[in-house]
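Text of the file model.cif, holding mmCIF, C-alpha atoms:
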data_input
#
loop_
_atom_site.label_atom_id
_atom_site.label_comp_id
_atom_site.auth_asym_id
_atom_site.auth_seq_id
_atom_site.Cartn_x
_atom_site.Cartn_y
_atom_site.Cartn_z
CA MET N 128 104.97 28.70 14.22
CA ARG N 129 103.75 25.10 14.05
CA VAL N 130 101.78 23.14 11.44
CA LEU N 131 100.07 19.84 12.21
CA ILE N 132 99.66 17.41 9.28
CA ALA N 133 97.30 14.47 9.73
CA GLY N 134 96.89 11.62 7.28
CA GLY N 135 98.02 8.12 6.65
CA GLY N 136 97.42 4.47 6.02
CA THR N 137 98.69 4.41 2.45
CA GLY N 138 101.33 6.28 0.49
CA GLY N 139 98.61 8.22 -1.31
CA HIS N 140 97.69 9.95 1.96
CA VAL N 141 101.17 10.15 3.49
CA PHE N 142 103.41 11.34 0.67
CA PRO N 143 101.44 14.53 -0.15
CA GLY N 144 101.88 15.57 3.47
CA ILE N 145 105.61 14.89 3.34
CA ALA N 146 105.90 16.88 0.10
CA VAL N 147 104.18 19.87 1.72
CA ALA N 148 106.26 19.52 4.89
CA GLU N 149 109.47 19.56 2.87
CA GLU N 150 108.32 22.69 1.05
CA LEU N 151 107.39 24.36 4.33
CA ARG N 152 110.84 23.54 5.69
CA ARG N 153 112.41 25.04 2.56
CA GLN N 154 110.32 28.22 2.71
CA ARG N 155 110.42 28.69 6.49
CA PRO N 156 113.35 26.84 8.09
CA LYS N 157 112.22 27.80 11.59
CA LEU N 158 108.65 26.62 11.11
CA GLU N 159 107.84 23.35 12.95
CA VAL N 160 105.91 20.54 11.27
CA VAL N 161 104.45 17.67 13.30
CA PHE N 162 102.66 14.69 11.73
CA VAL N 163 99.82 12.68 13.23
CA GLY N 164 99.27 9.10 12.15
CA ASN N 165 98.53 5.54 13.17
CA ARG N 166 101.23 3.13 14.31
CA ARG N 167 100.00 0.51 11.81
CA GLY N 168 100.12 2.84 8.82
CA LEU N 169 102.91 3.50 6.33
CA GLU N 170 103.44 6.89 7.97
CA ALA N 171 105.02 5.22 11.01
CA GLN N 172 107.95 4.29 8.78
CA VAL N 173 108.27 6.97 6.11
CA VAL N 174 107.62 10.13 8.14
CA PRO N 175 110.56 9.60 10.55
CA GLU N 176 112.71 8.63 7.56
CA ALA N 177 111.85 12.00 6.01
CA GLY N 178 113.07 13.72 9.18
CA PHE N 179 109.78 14.85 10.75
CA PRO N 180 108.34 14.05 14.20
CA ILE N 181 105.13 12.05 14.33
CA ARG N 182 102.51 11.50 17.03
CA TYR N 183 100.09 8.58 17.07
CA ILE N 184 96.38 8.23 17.79
CA ALA N 185 93.86 5.40 17.48
CA SER N 186 91.87 5.18 14.24
CA SER N 187 90.05 2.56 12.24
CA GLY N 188 88.20 2.22 8.96
CA PHE N 189 84.70 0.86 8.47
CA ASP N 190 84.96 -2.28 6.35
CA ARG N 191 81.89 -2.28 4.11
CA ARG N 192 82.03 -6.06 3.73
CA ARG N 193 82.38 -6.79 7.47
CA TRP N 194 79.76 -4.57 9.05
CA TRP N 195 79.87 -6.50 12.34
CA LEU N 196 83.25 -4.89 13.04
CA TRP N 197 81.79 -1.38 12.90
CA PRO N 198 81.14 -1.00 16.66
CA GLY N 199 84.82 -1.67 17.37
CA ALA N 200 85.84 0.80 14.66
CA ALA N 201 83.49 3.42 16.09
CA LEU N 202 84.99 2.92 19.55
CA ALA N 203 88.55 3.22 18.20
CA ASN N 204 87.69 6.44 16.41
CA GLY N 205 85.97 7.81 19.50
CA VAL N 206 89.15 7.19 21.49
CA GLY N 207 91.12 8.71 18.59
CA LEU N 208 89.05 11.90 18.76
CA LEU N 209 89.78 12.32 22.47
CA GLN N 210 93.47 11.69 21.79
CA ALA N 211 93.39 14.18 18.92
CA ILE N 212 91.85 16.88 21.11
CA ALA N 213 94.55 16.34 23.72
CA LEU N 214 97.20 16.38 21.01
CA VAL N 215 96.03 19.64 19.44
CA ILE N 216 95.93 21.24 22.91
CA ALA N 217 99.46 20.01 23.63
CA GLU N 218 101.03 20.87 20.27
CA ARG N 219 99.20 24.22 19.84
CA PRO N 220 99.46 24.37 16.01
CA GLN N 221 98.57 27.57 14.20
CA VAL N 222 97.01 25.56 11.34
CA VAL N 223 96.10 21.91 10.63
CA LEU N 224 96.28 20.09 7.29
CA GLY N 225 94.33 16.87 6.69
CA THR N 226 95.53 14.72 3.79
CA GLY N 227 93.02 11.88 4.12
CA GLY N 228 92.94 8.42 5.59
CA TYR N 229 91.07 7.43 8.73
CA VAL N 230 93.46 9.21 11.07
CA SER N 231 92.78 12.53 9.36
CA ALA N 232 89.15 12.77 10.49
CA PRO N 233 89.58 12.93 14.31
CA VAL N 234 92.48 15.37 14.06
CA SER N 235 90.55 17.61 11.66
CA MET N 236 87.51 17.53 13.95
CA ALA N 237 89.69 18.36 16.95
CA ALA N 238 91.20 21.30 15.07
CA LYS N 239 87.78 22.83 14.40
CA LEU N 240 86.53 22.15 17.93
CA LEU N 241 89.54 24.05 19.26
CA GLY N 242 89.28 26.91 16.79
CA ARG N 243 92.31 26.11 14.63
CA PRO N 244 92.22 26.83 10.87
CA LEU N 245 91.71 23.59 8.92
CA LEU N 246 92.86 22.91 5.36
CA LEU N 247 92.14 19.67 3.52
CA GLN N 248 93.99 18.11 0.59
CA GLU N 249 92.03 15.70 -1.63
CA GLN N 250 94.07 13.57 -4.00
CA ASN N 251 91.40 11.81 -6.08
CA SER N 252 88.87 12.69 -8.73
CA ILE N 253 86.16 11.31 -6.42
CA PRO N 254 86.86 12.43 -2.86
CA GLY N 255 86.78 10.15 0.16
CA LEU N 256 83.91 10.23 2.63
CA ALA N 257 85.94 11.87 5.39
CA ASN N 258 86.95 14.83 3.24
CA ARG N 259 83.42 15.23 1.86
CA LEU N 260 82.08 15.56 5.40
CA LEU N 261 84.94 17.64 6.77
CA ALA N 262 84.77 20.06 3.83
CA ARG N 263 81.64 21.55 5.39
CA VAL N 264 83.72 23.00 8.21
CA ALA N 265 87.17 23.33 6.59
CA ASP N 266 88.58 26.75 5.80
CA GLU N 267 90.03 25.56 2.47
CA VAL N 268 89.84 22.37 0.43
CA HIS N 269 92.66 21.82 -2.07
CA LEU N 270 91.70 19.55 -4.96
CA SER N 271 93.75 17.72 -7.54
CA PHE N 272 91.08 17.12 -10.18
CA LEU N 273 88.43 19.48 -11.47
CA GLU N 274 85.99 16.56 -11.47
CA ALA N 275 86.08 16.51 -7.66
CA ARG N 276 84.36 19.90 -7.38
CA SER N 277 80.89 18.48 -7.92
CA TRP N 278 81.17 16.51 -4.65
CA PHE N 279 81.49 19.64 -2.51
CA PRO N 280 78.54 21.98 -1.90
CA ARG N 281 80.65 24.91 -0.67
CA ARG N 282 82.49 25.94 -3.84
CA ASP N 283 83.85 29.16 -2.35
CA ARG N 284 86.38 27.19 -0.28
CA LEU N 285 87.71 25.02 -3.10
CA LYS N 286 91.08 25.49 -4.77
CA ILE N 287 92.47 23.45 -7.66
CA THR N 288 96.05 22.99 -6.51
CA GLY N 289 97.24 19.59 -7.69
CA ASN N 290 98.85 16.71 -5.86
CA PRO N 291 102.03 17.71 -3.98
CA VAL N 292 104.98 15.60 -5.13
CA ARG N 293 108.14 15.14 -3.07
CA ALA N 294 111.20 16.88 -4.48
CA GLN N 295 113.08 13.58 -4.21
CA VAL N 296 110.89 12.09 -6.97
CA LEU N 297 112.73 14.20 -9.54
CA SER N 298 116.21 13.62 -8.12
CA GLY N 299 116.96 10.25 -9.74
CA ASP N 300 119.72 9.59 -12.25
CA ARG N 301 119.19 7.07 -15.05
CA GLU N 302 122.67 5.57 -15.14
CA ALA N 303 122.83 5.31 -11.36
CA GLY N 304 119.35 3.82 -11.31
CA LEU N 305 120.27 1.12 -13.80
CA ARG N 306 123.29 0.23 -11.69
CA GLU N 307 121.23 0.20 -8.51
CA PHE N 308 118.76 -2.30 -9.94
CA LYS N 309 121.48 -4.35 -11.66
CA LEU N 310 120.17 -3.61 -15.14
CA GLN N 311 121.95 -3.18 -18.46
CA PRO N 312 122.48 0.29 -19.98
CA GLY N 313 120.94 0.81 -23.39
CA ARG N 314 118.06 -1.66 -22.91
CA PRO N 315 114.45 -0.41 -22.64
CA THR N 316 113.28 -0.67 -19.03
CA VAL N 317 109.77 -1.21 -17.71
CA PHE N 318 108.99 -0.41 -14.07
CA VAL N 319 106.07 -2.44 -12.67
CA PHE N 320 104.51 -1.65 -9.30
CA GLY N 321 101.09 -2.23 -7.81
CA GLY N 322 101.37 0.20 -4.91
CA SER N 323 103.18 -0.17 -1.60
CA LEU N 324 101.37 -3.45 -0.85
CA GLY N 325 101.66 -4.91 -4.34
CA ALA N 326 98.85 -6.19 -6.59
CA SER N 327 98.48 -9.93 -7.19
CA ARG N 328 96.53 -9.48 -10.43
CA ILE N 329 99.31 -7.35 -11.90
CA ASN N 330 101.98 -9.71 -10.59
CA GLU N 331 100.41 -12.73 -12.29
CA ALA N 332 99.99 -10.90 -15.59
CA VAL N 333 103.55 -9.56 -15.53
CA LEU N 334 105.02 -13.01 -14.88
CA ASP N 335 103.19 -14.28 -17.96
CA THR N 336 104.31 -11.18 -19.87
CA LEU N 337 107.95 -11.82 -18.99
CA ARG N 338 107.69 -15.35 -20.30
CA ARG N 339 106.06 -14.17 -23.53
CA LEU N 340 108.59 -11.39 -24.16
CA LYS N 341 111.73 -13.32 -23.22
CA GLY N 342 113.86 -13.71 -26.32
CA ARG N 343 111.36 -11.81 -28.48
CA ILE N 344 112.12 -8.18 -27.69
CA ASP N 345 115.00 -6.46 -25.94
CA VAL N 346 113.49 -5.36 -22.62
CA GLN N 347 114.21 -5.55 -18.87
CA PHE N 348 111.97 -4.99 -15.85
CA ILE N 349 112.07 -3.51 -12.38
CA PHE N 350 109.34 -5.56 -10.73
CA GLN N 351 107.91 -4.50 -7.36
CA THR N 352 105.65 -7.30 -6.12
CA GLY N 353 104.68 -6.40 -2.56
CA ARG N 354 105.52 -8.71 0.32
CA ALA N 355 102.83 -11.36 -0.22
CA ASP N 356 104.01 -12.44 -3.69
CA PHE N 357 107.69 -11.62 -3.43
CA ASP N 358 109.20 -15.04 -2.71
CA ARG N 359 107.08 -16.84 -5.28
CA VAL N 360 107.72 -14.30 -8.04
CA ARG N 361 111.45 -14.05 -7.33
CA GLU N 362 111.84 -17.84 -7.43
CA ALA N 363 110.03 -18.03 -10.78
CA VAL N 364 112.12 -15.21 -12.26
CA GLU N 365 115.39 -16.79 -11.11
CA ARG N 366 114.39 -20.32 -12.14
CA GLU N 367 113.36 -19.26 -15.64
CA ALA N 368 116.07 -16.58 -16.07
CA LEU N 369 113.49 -13.92 -16.84
CA PRO N 370 114.82 -10.38 -17.46
CA ALA N 371 113.69 -8.70 -14.25
CA THR N 372 114.99 -7.37 -10.96
CA VAL N 373 112.38 -8.38 -8.37
CA LEU N 374 111.85 -6.42 -5.14
CA SER N 375 109.12 -6.54 -2.52
CA PHE N 376 109.23 -2.75 -2.17
CA VAL N 377 111.20 -0.07 -4.01
CA ARG N 378 112.27 2.30 -1.27
CA ARG N 379 114.23 4.63 -3.59
CA ILE N 380 111.45 4.96 -6.12
CA HIS N 381 113.02 8.06 -7.68
CA MET N 382 115.82 5.87 -9.00
CA ALA N 383 113.33 3.44 -10.52
CA TYR N 384 111.49 6.31 -12.19
CA ALA N 385 114.77 7.62 -13.58
CA ALA N 386 115.72 4.21 -14.99
CA ALA N 387 112.32 3.53 -16.59
CA ASP N 388 111.12 4.13 -20.13
CA LEU N 389 107.60 2.89 -19.34
CA VAL N 390 105.63 2.07 -16.19
CA VAL N 391 102.88 -0.44 -15.48
CA CYS N 392 100.90 0.44 -12.36
CA ARG N 393 97.60 1.12 -10.65
CA SER N 394 96.10 4.60 -10.97
CA GLY N 395 96.05 6.01 -7.48
CA ALA N 396 96.18 9.78 -7.54
CA MET N 397 99.67 10.12 -6.09
CA THR N 398 101.07 7.51 -8.46
CA LEU N 399 99.69 9.50 -11.38
CA ALA N 400 101.08 12.76 -9.99
CA GLU N 401 104.56 11.25 -9.65
CA ILE N 402 104.74 9.60 -13.06
CA ALA N 403 103.33 12.74 -14.67
CA VAL N 404 105.92 15.06 -13.14
CA CYS N 405 108.61 12.58 -14.24
CA GLY N 406 107.18 12.50 -17.78
CA LEU N 407 106.77 8.72 -17.79
CA PRO N 408 104.47 6.99 -20.29
CA ALA N 409 102.24 4.48 -18.53
CA ILE N 410 100.07 1.43 -18.88
CA LEU N 411 97.47 1.91 -16.15
CA VAL N 412 95.47 -0.90 -14.54
CA PRO N 413 92.93 0.78 -12.23
CA TYR N 414 92.13 -1.00 -8.97
CA PRO N 415 88.57 -2.22 -9.57
CA HIS N 416 87.42 -2.06 -5.94
CA ALA N 417 88.35 1.57 -5.30
CA ALA N 418 85.48 3.60 -3.87
CA HIS N 419 83.17 4.89 -6.61
CA ASN N 420 85.61 3.42 -9.15
CA HIS N 421 87.72 6.53 -8.73
CA GLN N 422 90.94 4.92 -10.02
CA GLU N 423 89.39 4.39 -13.45
CA ILE N 424 88.29 8.03 -13.50
CA ASN N 425 91.79 9.08 -12.38
CA ALA N 426 93.35 7.03 -15.18
CA ALA N 427 91.02 8.46 -17.81
CA ASN N 428 92.57 11.89 -17.18
CA LEU N 429 95.94 10.67 -18.48
CA VAL N 430 94.48 8.47 -21.22
CA ASP N 431 92.35 11.32 -22.60
CA ARG N 432 95.47 13.48 -22.79
CA GLY N 433 97.49 10.89 -24.66
CA ALA N 434 99.84 10.20 -21.75
CA ALA N 435 98.80 6.63 -20.92
CA VAL N 436 97.10 3.44 -22.03
CA MET N 437 94.47 1.86 -19.78
CA ILE N 438 93.77 -1.85 -19.32
CA LEU N 439 90.84 -2.66 -17.05
CA ASP N 440 91.62 -5.16 -14.32
CA SER N 441 89.00 -7.56 -15.71
CA GLU N 442 90.73 -7.46 -19.11
CA LEU N 443 94.29 -7.80 -17.84
CA THR N 444 96.15 -10.83 -19.17
CA GLY N 445 99.80 -11.57 -19.84
CA GLU N 446 99.05 -11.69 -23.55
CA ARG N 447 97.35 -8.27 -23.58
CA LEU N 448 100.06 -6.67 -21.46
CA ALA N 449 102.87 -8.17 -23.53
CA ARG N 450 101.24 -6.85 -26.69
CA GLU N 451 100.89 -3.31 -25.29
CA ILE N 452 104.47 -3.23 -23.98
CA ALA N 453 105.92 -4.56 -27.23
CA HIS N 454 103.91 -2.05 -29.26
CA LEU N 455 104.92 0.97 -27.17
CA LEU N 456 108.60 0.09 -26.89
CA ALA N 457 108.77 -0.40 -30.66
CA ASP N 458 107.46 3.13 -31.27
CA ARG N 459 109.83 5.62 -29.68
CA GLN N 460 107.98 8.53 -31.25
CA THR N 461 104.77 7.57 -29.47
CA LEU N 462 106.65 7.15 -26.18
CA SER N 463 108.14 10.64 -26.56
CA ARG N 464 104.73 12.11 -27.28
CA MET N 465 103.23 10.33 -24.24
CA SER N 466 106.07 11.64 -22.09
CA ALA N 467 105.46 15.22 -23.20
CA ASN N 468 101.71 14.85 -22.59
CA ALA N 469 102.35 13.48 -19.10
CA ARG N 470 104.38 16.56 -18.20
CA LEU N 471 101.53 18.78 -19.42
CA PHE N 472 99.24 16.95 -16.98
CA ALA N 473 101.60 17.49 -14.04
CA ARG N 474 101.41 20.32 -11.49
CA PRO N 475 104.95 20.53 -10.11
CA ASP N 476 104.12 23.64 -8.05
CA ALA N 477 101.35 21.99 -6.00
CA ALA N 478 103.43 21.66 -2.82
CA THR N 479 104.56 25.28 -3.09
CA ARG N 480 101.01 26.57 -3.45
CA LEU N 481 99.64 24.49 -0.58
CA ALA N 482 102.56 25.46 1.67
CA ARG N 483 101.88 29.11 0.86
CA SER N 484 98.26 28.72 1.92
CA LEU N 485 99.24 27.04 5.18
CA VAL N 486 101.65 29.83 6.05
CA HIS N 487 98.96 32.40 5.22
CA TRP N 488 96.48 30.80 7.61
CA ALA N 489 99.13 30.20 10.28
CA GLU N 490 99.90 33.91 10.25
CA GLY N 491 96.27 34.72 10.93
CA GLY N 492 95.16 35.55 7.41
CA GLY N 493 91.75 34.95 5.89
CA THR N 494 91.02 33.32 2.57
CA PRO N 495 93.88 34.05 0.13
CA THR N 496 93.00 35.92 -3.03
CA GLU N 497 94.81 33.45 -5.30
CA GLU N 498 92.50 32.15 -8.03
CA PRO N 499 92.09 28.44 -8.68
CA ALA N 500 94.24 27.01 -11.43
CA ALA N 501 92.66 26.59 -14.82
CA GLY N 502 92.83 23.37 -16.76
CA GLY N 503 91.36 19.91 -16.64
CA ALA N 504 93.66 17.94 -14.37
CA VAL N 505 96.23 18.88 -11.83
#

Give the structure from the file, written as structure tokens.
Amino acid sequence: MRVLIAGGGTGGHVFPGIAVAEELRRQRPKLEVVFVGNRRGLEAQVVPEAGFPIRYIASSGFDRRRWWLWPGAALANGVGLLQAIALVIAERPQVVLGTGGYVSAPVSMAAKLLGRPLLLQEQNSIPGLANRLLARVADEVHLSFLEARSWFPRRDRLKITGNPVRAQVLSGDREAGLREFKLQPGRPTVFVFGGSLGASRINEAVLDTLRRLKGRIDVQFIFQTGRADFDRVREAVEREALPATVLSFVRRIHMAYAAADLVVCRSGAMTLAEIAVCGLPAILVPYPHAAHNHQEINAANLVDRGAAVMILDSELTGERLAREIAHLLADRQTLSRMSANARLFARPDAATRLARSLVHWAEGGGTPTEEPAAGGAV
């Protein structure tokens, strides 16, 4: 039995697929999982590291601000569709899962053209264009937010499953994490990250925050900057002896989660799923240019449940961020309550449920009888 998982570009599209693949491997050790991605995407690095084979096809996004590049993107995706058809014929999967990103569309289309069952996994409260279109032909669409249902006309194929989170996310140890990031035991720790590529707006505000908090409150930071800002931020931190460990990318993010008392981050769907399952209070700064402003809507799900504080990108300053961090770290009762509320938001069984559906379809079953999960966010 073989499952094909297509998706990539960013961690938000790649890591759900890895989480499901790991669960499939746990449930059915003899089942084969093959990923499909793009050589330029994050999947080219993290999928082999997770121990799964990956195949590559051409794919490209349509930049809304540079419409003159669209013909080239259309050509790349046309080539990608032909490659995807050849790949599905060669791999002969019993079922295909699309987790989003530009590479997901041609593989999903190839699956339907060749009569393979197609399942989609949508991470965000407002689904991407590819999944909205592909949902018309998919056999199942697994959602993470109830709000996403209104974007799909065929409600009979929708399931509220949640965002699959890798088992590794929960495997960190606080003391080991503090040692790994060269931090002091007993001090409150803030983990800052703007996604795998970093976020310059957050980086600038956090640098100012570090300067404002230095010597005022007892706090230390794990500070992921992304590659573009890494050298500049690290030099400033070292020159001014600011209390932070600076990294361009935190590869062992489970250890950073384990060491943290509070996180400052964007509000991509997978980020929220991971911090929720870890029970981490958060200060969320939604990415303002996300399609349909979906990151702000994602963040509101945690804020409304008392698990996070939101600062809009346009309102983010070092002064505001320093004030919020100082306030939260001074109130351990509020942090504990936010942590408990975050865990209520989480759906730790999402990977298990999606893996179960994939196995069902791979074995030739029809629509499973399992009812969608109740509740507001998953």

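Across the structure, atom CA of Ala148 of chain N and atom CA of Glu218 of chain N are spaced 16.3 Å apart.
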
I'd like the residues picked by the PyMOL selection byres ((chain N and resi 448-452) around 10) written out as a PDB file with C-alpha atoms, keeping the file's coordinate frame, using the chain letters and numbers from the file.
ATOM      1  CA  VAL N 317     109.770  -1.210 -17.710  1.00  0.00           C
ATOM      2  CA  ILE N 329      99.310  -7.350 -11.900  1.00  0.00           C
ATOM      3  CA  ALA N 332      99.990 -10.900 -15.590  1.00  0.00           C
ATOM      4  CA  VAL N 333     103.550  -9.560 -15.530  1.00  0.00           C
ATOM      5  CA  ASP N 335     103.190 -14.280 -17.960  1.00  0.00           C
ATOM      6  CA  THR N 336     104.310 -11.180 -19.870  1.00  0.00           C
ATOM      7  CA  LEU N 337     107.950 -11.820 -18.990  1.00  0.00           C
ATOM      8  CA  ARG N 338     107.690 -15.350 -20.300  1.00  0.00           C
ATOM      9  CA  ARG N 339     106.060 -14.170 -23.530  1.00  0.00           C
ATOM     10  CA  LEU N 340     108.590 -11.390 -24.160  1.00  0.00           C
ATOM     11  CA  ILE N 344     112.120  -8.180 -27.690  1.00  0.00           C
ATOM     12  CA  VAL N 346     113.490  -5.360 -22.620  1.00  0.00           C
ATOM     13  CA  LEU N 389     107.600   2.890 -19.340  1.00  0.00           C
ATOM     14  CA  VAL N 390     105.630   2.070 -16.190  1.00  0.00           C
ATOM     15  CA  VAL N 391     102.880  -0.440 -15.480  1.00  0.00           C
ATOM     16  CA  ALA N 409     102.240   4.480 -18.530  1.00  0.00           C
ATOM     17  CA  ILE N 410     100.070   1.430 -18.880  1.00  0.00           C
ATOM     18  CA  VAL N 436      97.100   3.440 -22.030  1.00  0.00           C
ATOM     19  CA  MET N 437      94.470   1.860 -19.780  1.00  0.00           C
ATOM     20  CA  ILE N 438      93.770  -1.850 -19.320  1.00  0.00           C
ATOM     21  CA  GLU N 442      90.730  -7.460 -19.110  1.00  0.00           C
ATOM     22  CA  LEU N 443      94.290  -7.800 -17.840  1.00  0.00           C
ATOM     23  CA  THR N 444      96.150 -10.830 -19.170  1.00  0.00           C
ATOM     24  CA  GLY N 445      99.800 -11.570 -19.840  1.00  0.00           C
ATOM     25  CA  GLU N 446      99.050 -11.690 -23.550  1.00  0.00           C
ATOM     26  CA  ARG N 447      97.350  -8.270 -23.580  1.00  0.00           C
ATOM     27  CA  ALA N 453     105.920  -4.560 -27.230  1.00  0.00           C
ATOM     28  CA  HIS N 454     103.910  -2.050 -29.260  1.00  0.00           C
ATOM     29  CA  LEU N 455     104.920   0.970 -27.170  1.00  0.00           C
ATOM     30  CA  LEU N 456     108.600   0.090 -26.890  1.00  0.00           C
ATOM     31  CA  ALA N 457     108.770  -0.400 -30.660  1.00  0.00           C
TER      32      ALA N 457
END

Local residues around (100.2, 7.1, 13.4), at most 9 Å away, using only C-alpha atoms, as a ChimeraX atom specification: /N:133-136,162-171,181-186,230

Let's have the selection written as a compact mmCIF listing (two decimals), in the frame of the given file, with C-alpha atoms.
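And here is the file that came out, selection_26.txt:
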# COMPACT_ATOMS: atom_id res chain seq x y z
CA ALA N 133 97.30 14.47 9.73
CA GLY N 134 96.89 11.62 7.28
CA GLY N 135 98.02 8.12 6.65
CA GLY N 136 97.42 4.47 6.02
CA PHE N 162 102.66 14.69 11.73
CA VAL N 163 99.82 12.68 13.23
CA GLY N 164 99.27 9.10 12.15
CA ASN N 165 98.53 5.54 13.17
CA ARG N 166 101.23 3.13 14.31
CA ARG N 167 100.00 0.51 11.81
CA GLY N 168 100.12 2.84 8.82
CA LEU N 169 102.91 3.50 6.33
CA GLU N 170 103.44 6.89 7.97
CA ALA N 171 105.02 5.22 11.01
CA ILE N 181 105.13 12.05 14.33
CA ARG N 182 102.51 11.50 17.03
CA TYR N 183 100.09 8.58 17.07
CA ILE N 184 96.38 8.23 17.79
CA ALA N 185 93.86 5.40 17.48
CA SER N 186 91.87 5.18 14.24
CA VAL N 230 93.46 9.21 11.07

Straight-line distance linking atom CA of Leu241 of chain N with atom CA of Ile216 of chain N, stated in Å to one decimal: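 Answer for the atom CA of Leu241 of chain N to atom CA of Ile216 of chain N separation: 7.9 Å.
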
Shortest interatomic distance to Arg354 of chain N - which of N:Ala435, N:Leu485, N:Ala467, N:Ser375, counting all atoms listed in the file: N:Ser375

Distance of atom CA of Leu261 of chain N from atom CA of Val147 of chain N, expressed in Å to one decimal place: 20.0 Å
